[in-house]
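**Student:** Just run.cif, nothing more (mmCIF, N, CA and C atoms and all ligand atoms):
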data_query
loop_
_atom_site.label_atom_id
_atom_site.label_comp_id
_atom_site.auth_asym_id
_atom_site.auth_seq_id
_atom_site.Cartn_x
_atom_site.Cartn_y
_atom_site.Cartn_z
N VAL A 1 0.85 -1.20 0.00
CA VAL A 1 0.00 0.00 0.00
C VAL A 1 0.88 1.24 0.00
N GLU A 2 0.51 2.19 -0.82
CA GLU A 2 1.27 3.45 -0.83
C GLU A 2 0.49 4.53 -0.11
N PHE A 3 1.23 5.32 0.64
CA PHE A 3 0.59 6.39 1.38
C PHE A 3 1.09 7.74 0.88
N THR A 4 0.18 8.69 0.88
CA THR A 4 0.58 10.05 0.55
C THR A 4 0.06 10.98 1.63
N ASP A 5 0.74 12.09 1.80
CA ASP A 5 0.32 13.07 2.80
C ASP A 5 -1.12 13.51 2.54
N ARG A 6 -1.86 13.65 3.61
CA ARG A 6 -3.25 14.09 3.47
C ARG A 6 -3.51 15.30 4.35
N GLN A 7 -4.36 16.17 3.87
CA GLN A 7 -4.76 17.32 4.68
C GLN A 7 -6.10 17.00 5.33
N ILE A 8 -6.14 17.12 6.64
CA ILE A 8 -7.38 16.82 7.37
C ILE A 8 -7.76 18.03 8.21
N PRO A 9 -9.03 18.43 8.17
CA PRO A 9 -9.45 19.54 9.03
C PRO A 9 -9.59 19.07 10.47
N CYS A 10 -8.98 19.82 11.37
CA CYS A 10 -9.05 19.48 12.79
C CYS A 10 -10.48 19.65 13.29
N SER A 11 -10.98 18.67 14.05
CA SER A 11 -12.35 18.74 14.51
C SER A 11 -12.50 19.73 15.66
N GLU A 12 -11.37 20.22 16.16
CA GLU A 12 -11.46 21.12 17.30
C GLU A 12 -11.23 22.57 16.90
N CYS A 13 -10.13 22.83 16.17
CA CYS A 13 -9.85 24.21 15.78
C CYS A 13 -10.12 24.45 14.30
N HIS A 14 -10.50 23.41 13.58
CA HIS A 14 -10.91 23.49 12.17
C HIS A 14 -9.80 23.94 11.22
N LYS A 15 -8.59 23.91 11.71
CA LYS A 15 -7.47 24.20 10.81
C LYS A 15 -7.06 22.92 10.10
N LEU A 16 -6.54 23.05 8.90
CA LEU A 16 -6.06 21.88 8.19
C LEU A 16 -4.71 21.46 8.76
N PHE A 17 -4.55 20.19 8.99
CA PHE A 17 -3.25 19.68 9.40
C PHE A 17 -2.88 18.50 8.52
N THR A 18 -1.61 18.18 8.50
CA THR A 18 -1.12 17.13 7.60
C THR A 18 -1.05 15.79 8.32
N PHE A 19 -1.73 14.83 7.76
CA PHE A 19 -1.63 13.44 8.21
C PHE A 19 -0.61 12.81 7.27
N THR A 20 0.61 12.75 7.71
CA THR A 20 1.69 12.39 6.80
C THR A 20 1.66 10.92 6.41
N ALA A 21 2.33 10.62 5.30
CA ALA A 21 2.40 9.24 4.83
C ALA A 21 2.95 8.32 5.92
N GLY A 22 3.96 8.80 6.62
CA GLY A 22 4.58 8.02 7.67
C GLY A 22 3.59 7.71 8.79
N GLU A 23 2.81 8.73 9.15
CA GLU A 23 1.81 8.52 10.19
C GLU A 23 0.73 7.55 9.73
N GLN A 24 0.36 7.69 8.46
CA GLN A 24 -0.67 6.79 7.93
C GLN A 24 -0.20 5.35 7.97
N ARG A 25 1.06 5.14 7.65
CA ARG A 25 1.60 3.79 7.70
C ARG A 25 1.57 3.27 9.13
N TRP A 26 1.97 4.16 10.04
CA TRP A 26 1.98 3.82 11.47
C TRP A 26 0.58 3.39 11.90
N TYR A 27 -0.41 4.15 11.52
CA TYR A 27 -1.80 3.82 11.86
C TYR A 27 -2.19 2.49 11.25
N ASN A 28 -1.83 2.36 9.97
CA ASN A 28 -2.20 1.15 9.25
C ASN A 28 -1.60 -0.09 9.88
N GLU A 29 -0.33 0.03 10.28
CA GLU A 29 0.35 -1.11 10.88
C GLU A 29 -0.35 -1.55 12.16
N ARG A 30 -0.92 -0.59 12.86
CA ARG A 30 -1.56 -0.91 14.12
C ARG A 30 -3.04 -1.19 13.96
N GLY A 31 -3.52 -1.18 12.72
CA GLY A 31 -4.90 -1.55 12.46
C GLY A 31 -5.91 -0.46 12.77
N PHE A 32 -5.44 0.79 12.90
CA PHE A 32 -6.40 1.88 13.13
C PHE A 32 -7.05 2.23 11.80
N GLU A 33 -8.39 2.21 11.80
CA GLU A 33 -9.08 2.49 10.55
C GLU A 33 -9.28 3.98 10.34
N HIS A 34 -9.36 4.72 11.43
CA HIS A 34 -9.71 6.13 11.29
C HIS A 34 -8.51 7.03 11.50
N PRO A 35 -8.39 8.03 10.67
CA PRO A 35 -7.30 9.00 10.85
C PRO A 35 -7.55 9.84 12.08
N PRO A 36 -6.52 10.51 12.58
CA PRO A 36 -6.72 11.37 13.74
C PRO A 36 -7.68 12.49 13.40
N ARG A 37 -8.45 12.92 14.39
CA ARG A 37 -9.43 13.97 14.11
C ARG A 37 -8.95 15.33 14.55
N ARG A 38 -7.88 15.32 15.33
CA ARG A 38 -7.39 16.61 15.81
C ARG A 38 -5.97 16.85 15.33
N CYS A 39 -5.63 18.11 15.18
CA CYS A 39 -4.28 18.46 14.78
C CYS A 39 -3.33 18.20 15.96
N GLY A 40 -2.05 18.22 15.69
CA GLY A 40 -1.07 17.95 16.73
C GLY A 40 -1.20 18.88 17.92
N ASP A 41 -1.44 20.13 17.65
CA ASP A 41 -1.56 21.12 18.74
C ASP A 41 -2.72 20.78 19.66
N CYS A 42 -3.87 20.49 19.04
CA CYS A 42 -5.05 20.20 19.84
C CYS A 42 -4.89 18.90 20.60
N ARG A 43 -4.23 17.94 19.96
CA ARG A 43 -4.01 16.66 20.64
C ARG A 43 -3.13 16.87 21.87
N LYS A 44 -2.11 17.71 21.68
CA LYS A 44 -1.18 17.97 22.78
C LYS A 44 -1.90 18.70 23.91
N ALA A 45 -2.65 19.72 23.52
CA ALA A 45 -3.38 20.51 24.51
C ALA A 45 -4.34 19.63 25.29
N ARG A 46 -5.00 18.74 24.56
CA ARG A 46 -5.97 17.85 25.17
C ARG A 46 -5.29 16.89 26.15
N LYS A 47 -4.14 16.41 25.73
CA LYS A 47 -3.40 15.47 26.56
C LYS A 47 -2.98 16.13 27.87
N GLU A 48 -2.49 17.37 27.73
CA GLU A 48 -2.06 18.09 28.92
C GLU A 48 -3.24 18.34 29.85
N ARG A 49 -4.37 18.68 29.25
CA ARG A 49 -5.56 18.95 30.04
C ARG A 49 -6.00 17.67 30.73
N ASP A 50 -6.02 16.57 29.99
CA ASP A 50 -6.41 15.29 30.56
C ASP A 50 -5.51 14.90 31.72
N GLY A 51 -4.22 15.12 31.51
CA GLY A 51 -3.26 14.76 32.55
C GLY A 51 -3.51 15.53 33.83
N ARG A 52 -3.88 16.79 33.66
CA ARG A 52 -4.08 17.63 34.83
C ARG A 52 -5.37 17.26 35.57
N GLU A 53 -6.41 16.98 34.78
CA GLU A 53 -7.71 16.74 35.40
C GLU A 53 -7.84 15.32 35.93
N GLY A 54 -7.22 14.40 35.20
CA GLY A 54 -7.48 13.00 35.50
C GLY A 54 -6.59 12.40 36.57
N GLY A 55 -6.26 13.14 37.60
CA GLY A 55 -5.42 12.59 38.65
C GLY A 55 -6.12 11.44 39.37
N GLY A 56 -5.35 10.59 40.04
CA GLY A 56 -5.93 9.48 40.77
C GLY A 56 -6.51 8.44 39.85
N GLY A 57 -7.20 7.47 40.41
CA GLY A 57 -7.81 6.42 39.59
C GLY A 57 -6.77 5.49 39.03
N GLY A 58 -7.15 4.25 38.88
CA GLY A 58 -6.18 3.26 38.41
C GLY A 58 -6.24 3.05 36.92
N ARG A 59 -6.11 4.10 36.15
CA ARG A 59 -6.24 3.96 34.70
C ARG A 59 -4.89 4.05 34.00
N GLY A 60 -3.85 3.68 34.71
CA GLY A 60 -2.52 3.78 34.13
C GLY A 60 -2.37 3.05 32.83
N ARG A 61 -3.07 1.94 32.72
CA ARG A 61 -2.91 1.13 31.54
C ARG A 61 -3.44 1.86 30.29
N ASP A 62 -4.58 2.50 30.45
CA ASP A 62 -5.16 3.24 29.33
C ASP A 62 -4.22 4.33 28.86
N ARG A 63 -3.64 5.01 29.83
CA ARG A 63 -2.77 6.12 29.46
C ARG A 63 -1.53 5.61 28.73
N ASP A 64 -1.07 4.46 29.18
CA ASP A 64 0.10 3.86 28.53
C ASP A 64 -0.15 3.59 27.05
N ARG A 65 -1.35 3.14 26.77
CA ARG A 65 -1.66 2.77 25.41
C ARG A 65 -1.65 4.01 24.50
N GLN A 66 -1.98 5.17 25.06
CA GLN A 66 -2.07 6.37 24.24
C GLN A 66 -0.70 6.98 23.96
N ARG A 67 0.26 6.62 24.78
CA ARG A 67 1.57 7.21 24.56
C ARG A 67 2.15 6.72 23.23
N PRO A 68 2.67 7.64 22.43
CA PRO A 68 3.22 7.21 21.14
C PRO A 68 4.44 6.33 21.35
N LYS A 69 4.51 5.26 20.58
CA LYS A 69 5.66 4.36 20.68
C LYS A 69 6.47 4.43 19.40
N HIS A 70 7.74 4.24 19.56
CA HIS A 70 8.61 4.26 18.39
C HIS A 70 9.31 2.93 18.27
N ARG A 71 9.27 2.43 17.07
CA ARG A 71 9.91 1.13 16.83
C ARG A 71 11.41 1.33 16.72
N ILE A 72 12.15 0.50 17.41
CA ILE A 72 13.60 0.56 17.34
C ILE A 72 14.16 -0.85 17.22
N THR A 73 15.39 -0.91 16.78
CA THR A 73 16.11 -2.17 16.84
C THR A 73 17.22 -1.99 17.86
N CYS A 74 17.25 -2.82 18.86
CA CYS A 74 18.21 -2.66 19.94
C CYS A 74 19.63 -2.76 19.40
N ALA A 75 20.46 -1.78 19.79
CA ALA A 75 21.83 -1.73 19.29
C ALA A 75 22.71 -2.79 19.95
N ARG A 76 22.21 -3.40 21.01
CA ARG A 76 23.02 -4.36 21.74
C ARG A 76 22.65 -5.79 21.39
N CYS A 77 21.36 -6.12 21.51
CA CYS A 77 20.96 -7.51 21.27
C CYS A 77 20.23 -7.68 19.94
N GLY A 78 19.91 -6.57 19.28
CA GLY A 78 19.33 -6.65 17.94
C GLY A 78 17.85 -6.97 17.91
N VAL A 79 17.23 -7.00 19.06
CA VAL A 79 15.81 -7.33 19.12
C VAL A 79 14.98 -6.10 18.73
N GLU A 80 13.80 -6.33 18.17
CA GLU A 80 12.92 -5.21 17.85
C GLU A 80 12.10 -4.86 19.07
N ALA A 81 12.05 -3.57 19.35
CA ALA A 81 11.34 -3.16 20.55
C ALA A 81 10.63 -1.84 20.31
N GLU A 82 9.77 -1.48 21.24
CA GLU A 82 9.10 -0.19 21.16
C GLU A 82 9.49 0.63 22.37
N VAL A 83 9.85 1.87 22.10
CA VAL A 83 10.25 2.75 23.19
C VAL A 83 9.33 3.95 23.23
N PRO A 84 9.11 4.51 24.42
CA PRO A 84 8.18 5.63 24.55
C PRO A 84 8.79 6.98 24.20
N PHE A 85 10.00 6.98 23.67
CA PHE A 85 10.61 8.24 23.28
C PHE A 85 11.07 8.15 21.84
N GLU A 86 11.30 9.30 21.24
CA GLU A 86 11.74 9.31 19.86
C GLU A 86 13.24 9.11 19.80
N PRO A 87 13.69 8.04 19.15
CA PRO A 87 15.13 7.79 19.11
C PRO A 87 15.84 8.87 18.29
N ARG A 88 16.96 9.33 18.82
CA ARG A 88 17.75 10.31 18.08
C ARG A 88 18.59 9.58 17.04
N SER A 89 18.57 10.10 15.83
CA SER A 89 19.34 9.42 14.80
C SER A 89 20.82 9.59 15.09
N GLY A 90 21.57 8.54 14.88
CA GLY A 90 23.01 8.61 15.11
C GLY A 90 23.43 8.06 16.45
N SER A 91 22.51 8.04 17.42
CA SER A 91 22.89 7.48 18.71
C SER A 91 22.19 6.13 18.89
N PRO A 92 22.89 5.20 19.50
CA PRO A 92 22.33 3.85 19.64
C PRO A 92 21.13 3.82 20.58
N VAL A 93 20.15 3.01 20.24
CA VAL A 93 18.98 2.83 21.10
C VAL A 93 18.92 1.38 21.56
N TYR A 94 18.46 1.19 22.77
CA TYR A 94 18.43 -0.15 23.34
C TYR A 94 17.02 -0.53 23.76
N CYS A 95 16.77 -1.83 23.77
CA CYS A 95 15.52 -2.32 24.31
C CYS A 95 15.54 -2.10 25.82
N ALA A 96 14.39 -2.31 26.45
CA ALA A 96 14.26 -1.99 27.87
C ALA A 96 15.29 -2.71 28.72
N SER A 97 15.50 -3.99 28.47
CA SER A 97 16.40 -4.75 29.33
C SER A 97 17.86 -4.36 29.13
N CYS A 98 18.25 -4.09 27.87
CA CYS A 98 19.62 -3.65 27.64
C CYS A 98 19.84 -2.26 28.20
N PHE A 99 18.80 -1.43 28.11
CA PHE A 99 18.90 -0.09 28.66
C PHE A 99 19.17 -0.16 30.15
N GLN A 100 18.42 -1.02 30.83
CA GLN A 100 18.60 -1.22 32.26
C GLN A 100 20.02 -1.70 32.55
N ALA A 101 20.46 -2.70 31.80
CA ALA A 101 21.78 -3.28 32.01
C ALA A 101 22.86 -2.23 31.84
N ASN A 102 22.71 -1.42 30.81
CA ASN A 102 23.67 -0.35 30.57
C ASN A 102 23.74 0.63 31.72
N ARG A 103 22.55 0.94 32.22
CA ARG A 103 22.45 1.95 33.27
C ARG A 103 23.11 1.46 34.55
N GLN A 104 22.88 0.18 34.85
CA GLN A 104 23.39 -0.33 36.11
C GLN A 104 24.91 -0.39 36.08
N ARG A 105 25.44 -0.60 34.88
CA ARG A 105 26.89 -0.65 34.79
C ARG A 105 27.52 0.75 34.87
N GLY A 106 26.66 1.74 34.57
CA GLY A 106 27.17 3.11 34.69
C GLY A 106 27.46 3.68 33.38
ZN ZN B 201 -6.60 21.72 16.09
ZN ZN B 202 18.55 -5.32 23.73
#
Have the structure of the file written as structure tokens, please.
Ligand SMILES: [Zn+2]
Ligand SMILES: [Zn+2]
**Tutor:**
Amino acid sequence: VEFTDRQIPCSECHKLFTFTAGEQRWYNERGFEHPPRRCGDCRKARKERDGREGGGGGRGRDRDRQRPKHRITCARCGVEAEVPFEPRSGSPVYCASCFQANRQRG
């Protein structure tokens, strides 16, 4: 499947934002049928608002699922993993267990 950048009107501020080919692939890989309805700014604002209001409660798992994950290949053991941060190009990224091991060694 080929993806091309798409312009989508934000359902909150009604500005057009770009749903990039890369994002579309990401969505597709995860089986999401619907494109995002809000622009990045509104999504961020909403997330911050949710974080502030939604204190307490045992919904940690739900929040985890919403955090964007980035696919990486561990520079140490070569396993494919997902990390909650955006890997910087040029610097090695590790899976969770290698990251821990590295840290403990100093
Ligand atoms: Zn918006
Ligand atoms: Zn590893």
**Student:** Could you check the closest approach to Pro87 (chain A) for each of A:Phe17, A:Arg46, A:Arg30, A:Ala75 and tell me which residue wins, using only C-alpha atoms?
**Tutor:** A:Ala75
**Student:** Atom N of Ser11 (chain A) to atom N of Glu48 (chain A): how many Å, to one decimal?
**Tutor:**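 We find that atom N of Ser11 (chain A) and atom N of Glu48 (chain A) lie 16.2 Å from each other.
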**Student:** Which residues of chain A come within 8 Å of ligand ZN 202 (chain B), and what is each one's closest atom pair and distance in Å (one decimal), counting only C-alpha atoms and all ligand atoms, sorted by chain and residue number, as a tab-separated table?
**Tutor:**
residue	atom	partner	partner_atom	distance
A:Thr73	CA	B:ZN202	ZN	8.0
A:Cys74	CA	B:ZN202	ZN	4.6
A:Ala75	CA	B:ZN202	ZN	6.6
A:Arg76	CA	B:ZN202	ZN	5.0
A:Cys77	CA	B:ZN202	ZN	4.1
A:Gly78	CA	B:ZN202	ZN	6.0
A:Val79	CA	B:ZN202	ZN	5.7
A:Tyr94	CA	B:ZN202	ZN	5.2
A:Cys95	CA	B:ZN202	ZN	4.3
A:Ala96	CA	B:ZN202	ZN	6.8
A:Ser97	CA	B:ZN202	ZN	6.0
A:Cys98	CA	B:ZN202	ZN	4.4
A:Phe99	CA	B:ZN202	ZN	7.2
**Student:** Check every protein, DNA and RNA residue against ligand ZN 201 (chain B), keep those with an atom at most 6 Å away (counting only C-alpha atoms and all ligand atoms), and present them as number ranges by chain.
**Tutor:** A: 10, 12-13, 15, 38-39, 41-42
**Student:** In Å to one decimal, how far is CA of Gly22 (chain A) from CA of Asp5 (chain A)?
**Tutor:** 8.2 Å
**Student:** State, in Å with one decimal place, the distance from CA of Arg49 (chain A) to CA of Pro36 (chain A).
**Tutor:**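 CA of Pro36 (chain A) lies 18.0 Å from CA of Arg49 (chain A).
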**Student:** Of the residues A:His70, A:Arg103, A:His14, A:His34, which is the one nearest to Val83 (chain A), using only C-alpha atoms?
**Tutor:**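 For Val83 (chain A), the nearest of the given residues is A:His70.
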**Student:** Kindly indicate which residue among A:Arg37, A:Glu86, A:Ala21, A:Asn28 lies nearest to Ile8 (chain A), using all atoms listed in the file for the distances.
**Tutor:**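 Checking each of A:Arg37, A:Glu86, A:Ala21, A:Asn28 against Ile8 (chain A), counting all atoms listed in the file, the winner is A:Arg37.
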**Student:** Can you list every residue in region 4-90 of chain A that DSSP puts in alpha helix (DSSP H), as a PyMOL selection string?
**Tutor:** chain A and resi 21-29+40-53+60-66
**Student:** Please save N, CA and C atoms of the selected residues as a PDB file, keeping the file's coordinate frame.
**Tutor:**
ATOM      1  N   ALA A  21       2.330  10.620   5.300  1.00  0.00           N
ATOM      2  CA  ALA A  21       2.400   9.240   4.830  1.00  0.00           C
ATOM      3  C   ALA A  21       2.950   8.320   5.920  1.00  0.00           C
ATOM      4  N   GLY A  22       3.960   8.800   6.620  1.00  0.00           N
ATOM      5  CA  GLY A  22       4.580   8.020   7.670  1.00  0.00           C
ATOM      6  C   GLY A  22       3.590   7.710   8.790  1.00  0.00           C
ATOM      7  N   GLU A  23       2.810   8.730   9.150  1.00  0.00           N
ATOM      8  CA  GLU A  23       1.810   8.520  10.190  1.00  0.00           C
ATOM      9  C   GLU A  23       0.730   7.550   9.730  1.00  0.00           C
ATOM     10  N   GLN A  24       0.360   7.690   8.460  1.00  0.00           N
ATOM     11  CA  GLN A  24      -0.670   6.790   7.930  1.00  0.00           C
ATOM     12  C   GLN A  24      -0.200   5.350   7.970  1.00  0.00           C
ATOM     13  N   ARG A  25       1.060   5.140   7.650  1.00  0.00           N
ATOM     14  CA  ARG A  25       1.600   3.790   7.700  1.00  0.00           C
ATOM     15  C   ARG A  25       1.570   3.270   9.130  1.00  0.00           C
ATOM     16  N   TRP A  26       1.970   4.160  10.040  1.00  0.00           N
ATOM     17  CA  TRP A  26       1.980   3.820  11.470  1.00  0.00           C
ATOM     18  C   TRP A  26       0.580   3.390  11.900  1.00  0.00           C
ATOM     19  N   TYR A  27      -0.410   4.150  11.520  1.00  0.00           N
ATOM     20  CA  TYR A  27      -1.800   3.820  11.860  1.00  0.00           C
ATOM     21  C   TYR A  27      -2.190   2.490  11.250  1.00  0.00           C
ATOM     22  N   ASN A  28      -1.830   2.360   9.970  1.00  0.00           N
ATOM     23  CA  ASN A  28      -2.200   1.150   9.250  1.00  0.00           C
ATOM     24  C   ASN A  28      -1.600  -0.090   9.880  1.00  0.00           C
ATOM     25  N   GLU A  29      -0.330   0.030  10.280  1.00  0.00           N
ATOM     26  CA  GLU A  29       0.350  -1.110  10.880  1.00  0.00           C
ATOM     27  C   GLU A  29      -0.350  -1.550  12.160  1.00  0.00           C
ATOM     28  N   GLY A  40      -2.050  18.220  15.690  1.00  0.00           N
ATOM     29  CA  GLY A  40      -1.070  17.950  16.730  1.00  0.00           C
ATOM     30  C   GLY A  40      -1.200  18.880  17.920  1.00  0.00           C
ATOM     31  N   ASP A  41      -1.440  20.130  17.650  1.00  0.00           N
ATOM     32  CA  ASP A  41      -1.560  21.120  18.740  1.00  0.00           C
ATOM     33  C   ASP A  41      -2.720  20.780  19.660  1.00  0.00           C
ATOM     34  N   CYS A  42      -3.870  20.490  19.040  1.00  0.00           N
ATOM     35  CA  CYS A  42      -5.050  20.200  19.840  1.00  0.00           C
ATOM     36  C   CYS A  42      -4.890  18.900  20.600  1.00  0.00           C
ATOM     37  N   ARG A  43      -4.230  17.940  19.960  1.00  0.00           N
ATOM     38  CA  ARG A  43      -4.010  16.660  20.640  1.00  0.00           C
ATOM     39  C   ARG A  43      -3.130  16.870  21.870  1.00  0.00           C
ATOM     40  N   LYS A  44      -2.110  17.710  21.680  1.00  0.00           N
ATOM     41  CA  LYS A  44      -1.180  17.970  22.780  1.00  0.00           C
ATOM     42  C   LYS A  44      -1.900  18.700  23.910  1.00  0.00           C
ATOM     43  N   ALA A  45      -2.650  19.720  23.520  1.00  0.00           N
ATOM     44  CA  ALA A  45      -3.380  20.510  24.510  1.00  0.00           C
ATOM     45  C   ALA A  45      -4.340  19.630  25.290  1.00  0.00           C
ATOM     46  N   ARG A  46      -5.000  18.740  24.560  1.00  0.00           N
ATOM     47  CA  ARG A  46      -5.970  17.850  25.170  1.00  0.00           C
ATOM     48  C   ARG A  46      -5.290  16.890  26.150  1.00  0.00           C
ATOM     49  N   LYS A  47      -4.140  16.410  25.730  1.00  0.00           N
ATOM     50  CA  LYS A  47      -3.400  15.470  26.560  1.00  0.00           C
ATOM     51  C   LYS A  47      -2.980  16.130  27.870  1.00  0.00           C
ATOM     52  N   GLU A  48      -2.490  17.370  27.730  1.00  0.00           N
ATOM     53  CA  GLU A  48      -2.060  18.090  28.920  1.00  0.00           C
ATOM     54  C   GLU A  48      -3.240  18.340  29.850  1.00  0.00           C
ATOM     55  N   ARG A  49      -4.370  18.680  29.250  1.00  0.00           N
ATOM     56  CA  ARG A  49      -5.560  18.950  30.040  1.00  0.00           C
ATOM     57  C   ARG A  49      -6.000  17.670  30.730  1.00  0.00           C
ATOM     58  N   ASP A  50      -6.020  16.570  29.990  1.00  0.00           N
ATOM     59  CA  ASP A  50      -6.410  15.290  30.560  1.00  0.00           C
ATOM     60  C   ASP A  50      -5.510  14.900  31.720  1.00  0.00           C
ATOM     61  N   GLY A  51      -4.220  15.120  31.510  1.00  0.00           N
ATOM     62  CA  GLY A  51      -3.260  14.760  32.550  1.00  0.00           C
ATOM     63  C   GLY A  51      -3.510  15.530  33.830  1.00  0.00           C
ATOM     64  N   ARG A  52      -3.880  16.790  33.660  1.00  0.00           N
ATOM     65  CA  ARG A  52      -4.080  17.630  34.830  1.00  0.00           C
ATOM     66  C   ARG A  52      -5.370  17.260  35.570  1.00  0.00           C
ATOM     67  N   GLU A  53      -6.410  16.980  34.780  1.00  0.00           N
ATOM     68  CA  GLU A  53      -7.710  16.740  35.400  1.00  0.00           C
ATOM     69  C   GLU A  53      -7.840  15.320  35.930  1.00  0.00           C
ATOM     70  N   GLY A  60      -3.850   3.680  34.710  1.00  0.00           N
ATOM     71  CA  GLY A  60      -2.520   3.780  34.130  1.00  0.00           C
ATOM     72  C   GLY A  60      -2.370   3.050  32.830  1.00  0.00           C
ATOM     73  N   ARG A  61      -3.070   1.940  32.720  1.00  0.00           N
ATOM     74  CA  ARG A  61      -2.910   1.130  31.540  1.00  0.00           C
ATOM     75  C   ARG A  61      -3.440   1.860  30.290  1.00  0.00           C
ATOM     76  N   ASP A  62      -4.580   2.500  30.450  1.00  0.00           N
ATOM     77  CA  ASP A  62      -5.160   3.240  29.330  1.00  0.00           C
ATOM     78  C   ASP A  62      -4.220   4.330  28.860  1.00  0.00           C
ATOM     79  N   ARG A  63      -3.640   5.010  29.830  1.00  0.00           N
ATOM     80  CA  ARG A  63      -2.770   6.120  29.460  1.00  0.00           C
ATOM     81  C   ARG A  63      -1.530   5.610  28.730  1.00  0.00           C
ATOM     82  N   ASP A  64      -1.070   4.460  29.180  1.00  0.00           N
ATOM     83  CA  ASP A  64       0.100   3.860  28.530  1.00  0.00           C
ATOM     84  C   ASP A  64      -0.150   3.590  27.050  1.00  0.00           C
ATOM     85  N   ARG A  65      -1.350   3.140  26.770  1.00  0.00           N
ATOM     86  CA  ARG A  65      -1.660   2.770  25.410  1.00  0.00           C
ATOM     87  C   ARG A  65      -1.650   4.010  24.500  1.00  0.00           C
ATOM     88  N   GLN A  66      -1.980   5.170  25.060  1.00  0.00           N
ATOM     89  CA  GLN A  66      -2.070   6.370  24.240  1.00  0.00           C
ATOM     90  C   GLN A  66      -0.700   6.980  23.960  1.00  0.00           C
TER      91      GLN A  66
END
**Student:** Could you put an axis-aligned box around every listed atom of region 16-22 of chain A, padded by 5 Å on each side, and send me its centre and edge lengths in Å to one decimal, as AutoDock Vina command-line options?
**Tutor:**
--center_x -1.0 --center_y 15.4 --center_z 7.1 --size_x 21.1 --size_y 25.3 --size_z 14.6
**Student:** What are the DSSP strand (DSSP E) residues of chain A, as an NGL selection string?
**Tutor:** :A and (6-9 or 16-19 or 70-73 or 80-83)
**Student:** Keeping only N, CA and C atoms, write those residues as a tab-separated table (two decimals), in the frame of the given file.
**Tutor:**
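New file out36.tsv:
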chain	number	residue	atom	x	y	z
A	6	ARG	N	-1.86	13.65	3.61
A	6	ARG	CA	-3.25	14.09	3.47
A	6	ARG	C	-3.51	15.30	4.35
A	7	GLN	N	-4.36	16.17	3.87
A	7	GLN	CA	-4.76	17.32	4.68
A	7	GLN	C	-6.10	17.00	5.33
A	8	ILE	N	-6.14	17.12	6.64
A	8	ILE	CA	-7.38	16.82	7.37
A	8	ILE	C	-7.76	18.03	8.21
A	9	PRO	N	-9.03	18.43	8.17
A	9	PRO	CA	-9.45	19.54	9.03
A	9	PRO	C	-9.59	19.07	10.47
A	16	LEU	N	-6.54	23.05	8.90
A	16	LEU	CA	-6.06	21.88	8.19
A	16	LEU	C	-4.71	21.46	8.76
A	17	PHE	N	-4.55	20.19	8.99
A	17	PHE	CA	-3.25	19.68	9.40
A	17	PHE	C	-2.88	18.50	8.52
A	18	THR	N	-1.61	18.18	8.50
A	18	THR	CA	-1.12	17.13	7.60
A	18	THR	C	-1.05	15.79	8.32
A	19	PHE	N	-1.73	14.83	7.76
A	19	PHE	CA	-1.63	13.44	8.21
A	19	PHE	C	-0.61	12.81	7.27
A	70	HIS	N	7.74	4.24	19.56
A	70	HIS	CA	8.61	4.26	18.39
A	70	HIS	C	9.31	2.93	18.27
A	71	ARG	N	9.27	2.43	17.07
A	71	ARG	CA	9.91	1.13	16.83
A	71	ARG	C	11.41	1.33	16.72
A	72	ILE	N	12.15	0.50	17.41
A	72	ILE	CA	13.60	0.56	17.34
A	72	ILE	C	14.16	-0.85	17.22
A	73	THR	N	15.39	-0.91	16.78
A	73	THR	CA	16.11	-2.17	16.84
A	73	THR	C	17.22	-1.99	17.86
A	80	GLU	N	13.80	-6.33	18.17
A	80	GLU	CA	12.92	-5.21	17.85
A	80	GLU	C	12.10	-4.86	19.07
A	81	ALA	N	12.05	-3.57	19.35
A	81	ALA	CA	11.34	-3.16	20.55
A	81	ALA	C	10.63	-1.84	20.31
A	82	GLU	N	9.77	-1.48	21.24
A	82	GLU	CA	9.10	-0.19	21.16
A	82	GLU	C	9.49	0.63	22.37
A	83	VAL	N	9.85	1.87	22.10
A	83	VAL	CA	10.25	2.75	23.19
A	83	VAL	C	9.33	3.95	23.23
